[in-house]
Each structure stands twice: as C-alpha cells, then as structure tokens.
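For reference, start_1.txt (compact mmCIF, C-alpha atoms):
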```
# COMPACT_ATOMS: atom_id res chain seq x y z
CA MET A 90 2.50 9.22 20.99
CA LEU A 91 1.96 12.08 23.41
CA VAL A 92 -1.69 12.40 22.41
CA TYR A 93 -2.36 8.66 22.77
CA ASN A 94 -0.75 8.66 26.24
CA ALA A 95 -1.90 12.07 27.44
CA ASP A 96 -2.84 11.02 30.98
CA VAL A 97 0.65 11.92 32.15
CA LYS A 98 0.05 11.82 35.89
CA ARG A 99 -0.77 8.09 35.71
CA TRP A 100 2.84 7.38 34.79
CA PHE A 101 3.76 8.02 38.42
CA THR A 102 0.99 6.08 40.14
CA GLY A 103 1.57 2.44 39.14
CA GLY A 104 -1.99 2.35 37.74
CA ILE A 105 -3.65 3.13 34.42
CA SER A 106 -5.95 5.79 33.04
CA VAL A 107 -9.73 5.38 33.28
CA SER A 108 -10.39 7.98 30.62
CA PRO A 109 -13.89 7.76 29.08
CA LEU A 110 -12.14 7.85 25.69
CA LYS A 111 -11.23 4.22 26.30
CA ASN A 112 -14.61 3.50 24.71
CA VAL A 113 -12.91 4.18 21.39
CA CYS A 114 -9.72 3.07 19.67
CA VAL A 115 -6.64 4.85 18.41
CA PRO A 116 -5.43 3.97 14.90
CA GLY A 117 -1.93 2.84 15.91
CA LEU A 118 -0.49 0.18 18.19
CA ASN A 119 -0.72 1.61 21.70
CA CYS A 120 -1.47 -0.75 24.57
CA TYR A 121 -4.50 0.33 26.63
CA SER A 122 -2.59 -0.71 29.73
CA CYS A 123 0.06 1.89 29.10
CA PRO A 124 -0.26 4.07 32.22
CA GLY A 125 -1.03 7.22 30.25
CA ALA A 126 -3.16 5.65 27.48
CA VAL A 127 -6.40 7.58 27.10
CA ALA A 128 -7.96 5.39 24.39
CA SER A 129 -7.92 1.71 23.48
CA CYS A 130 -5.69 -0.39 21.30
CA PRO A 131 -7.57 -1.65 18.21
CA LEU A 132 -5.84 -5.04 18.26
CA GLY A 133 -6.46 -5.61 21.95
CA SER A 134 -10.08 -4.53 21.49
CA LEU A 135 -10.47 -6.88 18.51
CA GLN A 136 -9.17 -9.89 20.42
CA ASN A 137 -11.11 -8.95 23.55
CA THR A 138 -14.41 -8.69 21.68
CA ILE A 139 -13.84 -11.98 19.84
CA GLY A 140 -12.75 -13.59 23.11
CA ASN A 141 -16.11 -12.61 24.59
CA GLY A 142 -17.93 -14.44 21.80
CA LYS A 143 -19.11 -11.30 20.01
CA PHE A 144 -18.57 -10.25 16.41
CA PRO A 145 -16.40 -7.11 16.65
CA PHE A 146 -18.67 -4.70 14.77
CA PHE A 147 -17.22 -1.54 16.26
CA VAL A 148 -13.54 -2.46 15.89
CA THR A 149 -14.05 -3.86 12.39
CA GLY A 150 -15.83 -0.65 11.38
CA PHE A 151 -13.07 1.43 12.96
CA LEU A 152 -10.31 -0.49 11.14
CA LEU A 153 -12.25 -0.31 7.88
CA LEU A 154 -12.75 3.45 8.30
CA THR A 155 -9.12 4.13 9.19
CA GLY A 156 -7.85 1.88 6.43
CA THR A 157 -10.11 3.44 3.81
CA LEU A 158 -9.05 6.92 4.85
CA PHE A 159 -5.32 6.38 5.32
CA GLY A 160 -4.18 2.86 4.43
CA ARG A 161 -0.75 2.19 5.93
CA MET A 162 -0.10 5.91 6.32
CA VAL A 163 -1.05 5.18 9.96
CA CYS A 164 2.22 3.26 10.23
CA SER A 165 4.18 6.32 9.14
CA PHE A 166 2.53 9.01 11.20
CA LEU A 167 0.13 7.62 13.81
CA CYS A 168 1.81 4.67 15.49
CA PRO A 169 3.88 5.05 18.69
CA PHE A 170 5.71 1.74 18.32
CA ALA A 171 6.68 2.67 14.78
CA LEU A 172 8.15 5.88 16.20
CA VAL A 173 10.24 3.85 18.67
CA GLN A 174 11.61 1.74 15.80
CA GLU A 175 12.34 4.84 13.70
CA LEU A 176 14.28 6.44 16.55
CA LEU A 177 16.26 3.26 17.22
CA TYR A 178 17.19 3.02 13.53
CA LYS A 179 18.72 6.49 13.77
CA ILE A 180 21.38 5.18 16.19
CA PRO A 181 24.64 5.41 14.21
CA LEU A 182 25.56 1.74 13.97
CA PRO A 183 25.96 -0.42 10.83
CA LYS A 184 22.70 -1.19 9.03
CA LEU A 185 21.63 -4.25 7.07
CA LYS A 186 22.36 -3.47 3.44
CA LYS A 187 19.55 -3.67 0.92
CA THR A 188 20.37 -6.07 -1.94
CA GLN A 189 18.25 -8.00 -4.43
CA LYS A 190 18.72 -11.12 -2.29
CA THR A 191 17.62 -9.42 0.95
CA LEU A 192 14.66 -7.89 -0.89
CA VAL A 193 13.40 -11.34 -1.94
CA ILE A 194 13.84 -12.69 1.59
CA THR A 195 12.17 -9.75 3.34
CA ARG A 196 9.23 -9.82 0.93
CA LYS A 197 8.66 -13.49 1.72
CA ILE A 198 9.01 -13.03 5.50
CA SER A 199 6.60 -10.07 5.41
CA ILE A 200 3.76 -12.54 4.75
CA LEU A 201 4.16 -13.58 8.40
CA LYS A 202 2.20 -10.57 9.64
CA TYR A 203 -0.91 -11.82 7.81
CA LEU A 204 -0.56 -15.18 9.56
CA VAL A 205 -0.15 -13.41 12.92
CA LEU A 206 -3.32 -11.43 12.21
CA ALA A 207 -5.31 -14.44 11.06
CA PHE A 208 -4.26 -16.92 13.72
CA MET A 209 -3.19 -15.02 16.84
CA CYS A 210 -5.70 -12.19 16.63
CA ILE A 211 -8.79 -13.81 15.12
CA LEU A 212 -8.99 -17.58 14.57
CA ILE A 213 -7.37 -18.97 17.70
CA PRO A 214 -9.18 -16.59 20.12
CA ALA A 215 -12.46 -17.48 18.37
CA PHE A 216 -11.66 -21.21 18.54
CA LEU A 217 -10.74 -20.99 22.22
CA TYR A 218 -13.96 -19.13 22.98
CA PHE A 219 -16.08 -21.82 21.31
CA LYS A 220 -14.09 -24.55 23.03
CA ASN A 221 -13.79 -23.11 26.54
CA GLY A 222 -16.41 -20.37 26.73
CA ILE A 223 -13.73 -17.71 27.17
CA SER A 224 -10.49 -16.71 25.51
CA SER A 225 -7.56 -14.40 26.13
CA PRO A 226 -5.92 -11.99 23.68
CA LEU A 227 -3.19 -14.25 22.31
CA PHE A 228 -1.17 -11.65 20.46
CA CYS A 229 -1.17 -9.31 23.46
CA LYS A 230 -0.40 -12.10 25.91
CA TRP A 231 2.44 -13.84 24.09
CA PHE A 232 3.95 -11.40 21.67
CA CYS A 233 3.11 -7.70 21.52
CA PRO A 234 6.33 -5.77 22.21
CA ALA A 235 4.41 -2.47 22.39
CA GLY A 236 2.46 -3.83 25.34
CA THR A 237 5.66 -4.88 27.09
CA ILE A 238 7.49 -1.60 26.49
CA PHE A 239 4.62 0.83 27.07
CA ALA A 240 2.70 -1.12 29.71
CA GLY A 241 4.58 -4.11 31.14
CA TRP A 242 7.86 -2.43 31.98
CA PRO A 243 6.50 0.84 33.45
CA LEU A 244 3.77 -0.90 35.45
CA THR A 245 6.06 -3.54 36.94
CA ALA A 246 8.58 -0.81 37.75
CA LEU A 247 5.98 1.28 39.61
CA ASN A 248 3.64 -1.39 41.01
CA GLU A 249 5.05 -3.70 43.66
CA TYR A 250 2.19 -6.22 43.37
CA LEU A 251 2.65 -6.59 39.62
CA ARG A 252 6.40 -6.86 40.04
CA SER A 253 5.99 -9.75 42.46
CA ALA A 254 3.51 -11.48 40.12
CA ALA A 255 5.69 -11.25 37.01
CA GLY A 256 6.75 -14.74 35.90
CA HIS A 257 7.89 -16.66 32.83
CA ILE A 258 5.44 -15.03 30.42
CA PHE A 259 6.75 -11.61 31.44
CA LEU A 260 10.31 -12.83 30.90
CA TRP A 261 9.40 -14.23 27.48
CA LYS A 262 7.68 -11.01 26.44
CA SER A 263 10.59 -8.93 27.72
CA ALA A 264 12.95 -11.06 25.64
CA VAL A 265 10.75 -10.48 22.58
CA ALA A 266 10.68 -6.72 23.23
CA VAL A 267 14.46 -6.53 23.73
CA SER A 268 14.95 -8.52 20.50
CA PHE A 269 12.87 -6.01 18.56
CA ILE A 270 14.69 -3.09 20.17
CA LEU A 271 18.06 -4.51 19.12
CA TRP A 272 16.79 -5.59 15.70
CA SER A 273 15.43 -2.09 15.03
CA VAL A 274 18.91 -0.63 15.39
CA PHE A 275 20.22 -2.70 12.47
CA MET A 276 17.14 -3.10 10.31
CA TYR A 277 14.41 -0.60 9.46
CA ARG A 278 11.09 -1.26 11.26
CA PRO A 279 11.35 -5.07 11.60
CA PHE A 280 8.13 -5.34 13.59
CA CYS A 281 6.11 -3.27 11.11
CA ARG A 282 7.42 -5.27 8.17
CA PHE A 283 7.21 -8.81 9.47
CA PHE A 284 4.89 -9.10 12.45
CA CYS A 285 2.44 -6.23 12.93
CA PRO A 286 -1.17 -7.40 12.50
CA LEU A 287 -2.35 -3.79 12.33
CA GLY A 288 -0.01 -3.11 9.41
CA ALA A 289 -1.41 -6.25 7.82
CA VAL A 290 -4.96 -4.92 8.12
CA TYR A 291 -4.17 -1.47 6.76
CA SER A 292 -2.11 -2.90 3.88
CA PHE A 293 -5.33 -4.18 2.27
CA PHE A 294 -6.43 -0.58 1.77
CA ASN A 295 -3.25 0.97 0.39
CA ARG A 296 -4.38 1.05 -3.22
CA ILE A 297 -7.77 2.60 -2.51
CA ALA A 298 -7.11 4.81 0.53
CA ILE A 299 -8.51 8.29 0.17
CA PHE A 300 -5.61 10.25 1.64
CA GLY A 301 -2.05 9.68 0.63
CA ILE A 302 0.30 9.41 -2.30
CA LYS A 303 -0.56 8.35 -5.82
CA VAL A 304 1.52 7.73 -8.92
CA ASP A 305 0.67 9.57 -12.12
CA ASN A 306 1.18 6.79 -14.67
CA GLU A 307 1.39 9.25 -17.55
CA LYS A 308 4.43 10.95 -16.03
CA CYS A 309 6.02 7.79 -14.59
CA SER A 310 9.03 6.57 -16.56
CA HIS A 311 9.34 3.31 -14.57
CA CYS A 312 12.91 4.16 -13.63
CA ASN A 313 12.29 2.78 -10.09
CA ALA A 314 14.19 5.68 -8.50
CA CYS A 315 11.35 5.80 -5.96
CA THR A 316 11.50 2.17 -4.88
CA ASN A 317 15.24 1.52 -5.21
CA PHE A 318 16.08 3.37 -2.01
CA CYS A 319 12.85 2.49 -0.10
CA LYS A 320 13.71 1.11 3.34
CA MET A 321 10.43 -0.86 3.49
CA ASP A 322 11.49 -2.90 0.41
CA VAL A 323 8.51 -1.69 -1.57
CA LEU A 324 8.27 -3.05 -5.13
CA LYS A 325 5.70 -0.50 -6.22
CA ILE A 326 4.30 2.65 -4.57
CA ASN A 327 1.20 1.78 -2.52
CA ASP A 328 1.88 -1.96 -2.53
CA ARG A 329 1.30 -3.91 0.69
CA GLU A 330 4.62 -2.86 2.24
CA CYS A 331 4.31 0.81 1.43
CA ILE A 332 3.76 2.88 4.58
CA ARG A 333 3.07 5.96 2.45
CA CYS A 334 5.69 8.04 4.24
CA GLY A 335 6.22 10.21 1.15
CA GLU A 336 10.04 9.99 1.15
CA CYS A 337 9.89 8.78 -2.45
CA ILE A 338 8.17 11.95 -3.64
CA GLN A 339 11.35 14.03 -3.76
CA ARG A 340 13.21 11.12 -5.41
CA CYS A 341 11.08 11.26 -8.51
CA LYS A 342 12.64 13.52 -11.15
CA PHE A 343 9.52 13.39 -13.30
CA GLY A 344 7.06 14.68 -10.69
CA ALA A 345 4.99 11.53 -11.06
CA ILE A 346 4.33 11.01 -7.35
CA MET B 142 4.55 17.68 -2.42
CA SER B 143 1.78 16.34 -4.68
CA ASN B 144 -0.44 14.60 -2.10
CA LYS B 145 -4.01 14.40 -3.24
CA ILE B 146 -7.34 13.16 -2.03
CA HIS B 147 -8.45 10.14 -4.08
CA PHE B 148 -12.08 9.09 -4.00
CA SER B 149 -13.28 5.99 -5.78
CA LYS B 150 -16.59 4.13 -5.75
CA LEU B 151 -15.01 1.38 -3.68
CA SER B 152 -13.64 3.77 -1.07
CA VAL B 153 -17.00 5.53 -0.74
CA PHE B 154 -18.72 2.16 -0.39
CA LEU B 155 -16.24 1.08 2.28
CA LEU B 156 -16.74 4.35 4.16
CA VAL B 157 -20.48 3.73 4.24
CA VAL B 158 -20.00 0.13 5.38
CA SER B 159 -17.54 1.19 8.08
CA ILE B 160 -19.93 3.79 9.48
CA ALA B 161 -22.72 1.20 9.45
CA LEU B 162 -20.49 -1.27 11.33
CA ILE B 163 -19.43 1.35 13.86
CA THR B 164 -23.05 2.35 14.45
CA THR B 165 -24.09 -1.28 14.85
CA GLY B 166 -21.25 -1.85 17.28
CA VAL B 167 -22.19 1.17 19.37
CA LEU B 168 -25.85 0.09 19.49
CA LEU B 169 -24.90 -3.46 20.49
CA GLY B 170 -22.64 -2.21 23.28
CA ASP B 171 -19.24 -3.12 21.80
CA ASN B 172 -17.82 0.05 23.33
CA MET B 173 -18.80 -1.05 26.82
CA THR B 174 -17.03 -4.39 26.24
CA ILE B 175 -13.91 -2.52 25.17
CA PHE B 176 -14.19 0.04 27.97
CA ARG B 177 -14.67 -2.59 30.69
CA LYS B 178 -11.47 -4.30 29.60
CA ALA B 179 -9.46 -1.13 29.00
CA ILE B 180 -9.98 0.56 32.39
CA PHE B 181 -8.43 -2.35 34.27
CA ILE B 182 -4.80 -3.37 33.92
CA CYS B 183 -4.66 -5.97 31.15
CA MET B 184 -2.64 -8.71 32.82
CA GLU B 185 -2.16 -10.50 29.50
CA CYS B 186 -0.76 -7.35 27.90
CA VAL B 187 1.62 -6.80 30.82
CA GLY B 188 2.71 -10.47 30.61
CA ILE B 189 1.49 -11.57 34.00
CA ALA B 190 -1.66 -13.64 33.28
```
Encoded form using structure tokens:
Amino acid sequence: MLVYNADVKRWFTGGISVSPLKNVCVPGLNCYSCPGAVASCPLGSLQNTIGNGKFPFFVTGFLLLTGTLFGRMVCSFLCPFALVQELLYKIPLPKLKKTQKTLVITRKISILKYLVLAFMCILIPAFLYFKNGISSPLFCKWFCPAGTIFAGWPLTALNEYLRSAAGHIFLWKSAVAVSFILWSVFMYRPFCRFFCPLGAVYSFFNRIAIFGIKVDNEKCSHCNACTNFCKMDVLKINDRECIRCGECIQRCKFGAI
Amino acid sequence: MSNKIHFSKLSVFLLVVSIALITTGVLLGDNMTIFRKAIFICMECVGIA
C-alpha cells in the first residue's frame, strides 16, 4: 500500500501524483486518483481503454501476466483494499460464523464478481462507446469503494472545488464504501469474495499460476483440515475463491501443501 | 513452508501471449491512453462526474 501510494507529499495538496509510472498498472485495486498513487489501477485502465474504443492490449497482457505468475495471491499480498478489509476484520467484534449453510450461500453469491467484471467493466462500457462514441468507467463511477476511500474522501477533504461539486453520486459511493467498511468488521473480505472484478480475473489462473501453493495429491488424505477453517470458504486449495494466503499450510498434518 | 514454483506448458504459453499483448499495447500507445487519464483527477472515481 505504501509502495503503490508513495507520492506522500500529494496527500497534503488536494491534487494527485503525475508520476511517469502512471503509464503502467499495479496488480491490486488502487485508484489512480488516490493522491499518492504513483501507478495506475488495472480496472480503471481497462474501462478507460475500452471506453475510448480501443482493445485493451496492454492491460489485458498485464492482467494475463500477473494472473499467470501469481493467480489470486495478489489478493493476499498485493492489494491495498484487501489490506483495509483484513485490518477491519481484526476489530474484536462478533463475526459471522461459518456453517455448511453459509458456505453454500457465499459460494453462490461469489459468482456476482464475474457478472460485475463482465457487465460493469467490459460489456456496458463497450456498448456505450459504440452507441454514444464515448463511455465512462462504470465500475469506478458507481461502485468502487477503493476509489471512494483512497481518492474520493481525501480529495474532497483537501480540495474545496471538489467538495463543492460532490453530489448524489458521491453520496451513493460513500454509502457503498461505508457499507463495505462495516461489513468487513463482521465478515471476512466481503468485497474480495463477492464483488471484486480483479479477483474474478485472477481466479481464472489459480490452478496454473507459477508461484504459490500446490497440493501434493500423494500425501493428501482428503481430511479437509485445510479448507474447514478457511475464511474465504474455499472448497479445494487453489479453487476460484482461494487467495493463496498460505494459512492452510500449517493446518495440514501430512505436509501435503 | 513448501511453496514451490510450478511451470506448465499452459503457463509458459500464457506468459508468451501476455508479453506479446503488452508489447502490442505499448507499440499502439495504450500506455499514453492510460497515462493521459491517470494524471488528471478521475471525476468518475471520486464520484463527482
């Protein structure tokens, strides 16, 4: 998080960084309008490129490269908004208990992030470009809580012009961000599990990613000690919900992970 | 910890494709499109547009 937002002095100016590194993307969800952001958000860049009527060669290649190297390990170690959710979950308040029933429900709801990716980030911006000649980044505009928390709130606090221009969309996005902040206290990583388009992209690569954890099937006794306690409601190591955090490794008594 | 590096034919193929896509994007000026957007405050991201 500190590396992604290294232009610290911008936090006090009411503006944003113009770092030349904004030519390239970071792997995690970090709004490029965060005052200190030194590189670009891959989701914002994806929508922006599509909204300009271009096929996003660079961003697609970047996501493919990151996914092939790490899969959803990005979610564990390289995403600032994931860190925020992790820290909120540490607040000592009651947590939603994991049961077989909640597992079934959360697995079904987790499909939502693929719909968010497909419709809000790709199809609708493309459709609006072909219809109107220009499009805006729908996910960023109407939903992204990382953009609100890291960019919207600090910039409106420091910039009088932006503060005066903030209207109903800002209020809506603030409500969404506050909802995720509260939700994260009671449930582990709700945004990552149910809504994050970036997690959706990287989940496609979990089984083939080069770096990360792997199960030795010869040693595995299928006792499910690894998945029983998993807070992401993983059914199998490296399935689409697995963020490859490695917490299951010490759970395995057979050394299979 | 027993983390390992796992190469497969598919992952090598995807690495090659990703580098080709990145190179194509750079040559076509995708980075300038991204840069031009990223150095100005994204009003949509802030929730103002």
- Item | Distance-based interface of chain A with chain B, 6 Å, counting all atoms listed in the file, as a PyMOL selection string | chain A and resi 107+111-112+121-122+134+146-147+150+153-154+229-230+236-237+240-241+255+258-259+299-302
Could you write those residues out with C-alpha atoms, as a compact mmCIF listing (two decimals), keeping the file's coordinate frame?
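Generated output (again.txt):
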```txt
# COMPACT_ATOMS: atom_id res chain seq x y z
CA VAL A 107 -9.73 5.38 33.28
CA LYS A 111 -11.23 4.22 26.30
CA ASN A 112 -14.61 3.50 24.71
CA TYR A 121 -4.50 0.33 26.63
CA SER A 122 -2.59 -0.71 29.73
CA SER A 134 -10.08 -4.53 21.49
CA PHE A 146 -18.67 -4.70 14.77
CA PHE A 147 -17.22 -1.54 16.26
CA GLY A 150 -15.83 -0.65 11.38
CA LEU A 153 -12.25 -0.31 7.88
CA LEU A 154 -12.75 3.45 8.30
CA CYS A 229 -1.17 -9.31 23.46
CA LYS A 230 -0.40 -12.10 25.91
CA GLY A 236 2.46 -3.83 25.34
CA THR A 237 5.66 -4.88 27.09
CA ALA A 240 2.70 -1.12 29.71
CA GLY A 241 4.58 -4.11 31.14
CA ALA A 255 5.69 -11.25 37.01
CA ILE A 258 5.44 -15.03 30.42
CA PHE A 259 6.75 -11.61 31.44
CA ILE A 299 -8.51 8.29 0.17
CA PHE A 300 -5.61 10.25 1.64
CA GLY A 301 -2.05 9.68 0.63
CA ILE A 302 0.30 9.41 -2.30
```
- Write out as a PyMOL selection string the residues lying within 10 Å of Phe144 of chain A, counting only C-alpha atoms and excluding same-chain residues fewer than 5 positions away. (chain A and resi 135+138-139+149+215) or (chain B and resi 166+171)
Next, the residues of the selection above should be written as a CSV table (one decimal), in the coordinates of the input with C-alpha atoms.
```csv
chain,number,residue,atom,x,y,z
A,135,LEU,CA,-10.5,-6.9,18.5
A,138,THR,CA,-14.4,-8.7,21.7
A,139,ILE,CA,-13.8,-12.0,19.8
A,149,THR,CA,-14.0,-3.9,12.4
A,215,ALA,CA,-12.5,-17.5,18.4
B,166,GLY,CA,-21.2,-1.8,17.3
B,171,ASP,CA,-19.2,-3.1,21.8
```
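Between atom CA of Pro116 of chain A and atom CA of Trp231 of chain A the separation is 21.5 Å.
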- Message: Give me the residues near Ser199 of chain A as a PyMOL selection string, where near means some atom within 9 Å (using only C-alpha atoms) and where sequence neighbours in that chain fewer than 6 positions away do not count.
- Response: chain A and resi 281-284+330
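Here atom CA of Phe166 of chain A stands at a distance of 16.0 Å from atom CA of Cys114 of chain A.
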- Task: Find the spatial neighbours of Asn327 of chain A, counting all atoms listed in the file, within a cut-off of 10 Å - ignore same-chain residues fewer than 6 positions away - and output them as a VMD selection string.
- Result: chain A and resid 160 to 162 292 294 to 298 301 to 304 333
- Item | Selection: 10 Å around Pro183 of chain A, only C-alpha atoms, excl. self and same-chain fewer than 6 positions, as a PyMOL selection string | chain A and resi 274-276
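Interatomic distance, atom CA of Cys233 of chain A against atom CA of Thr245 of chain A: 16.2 Å.
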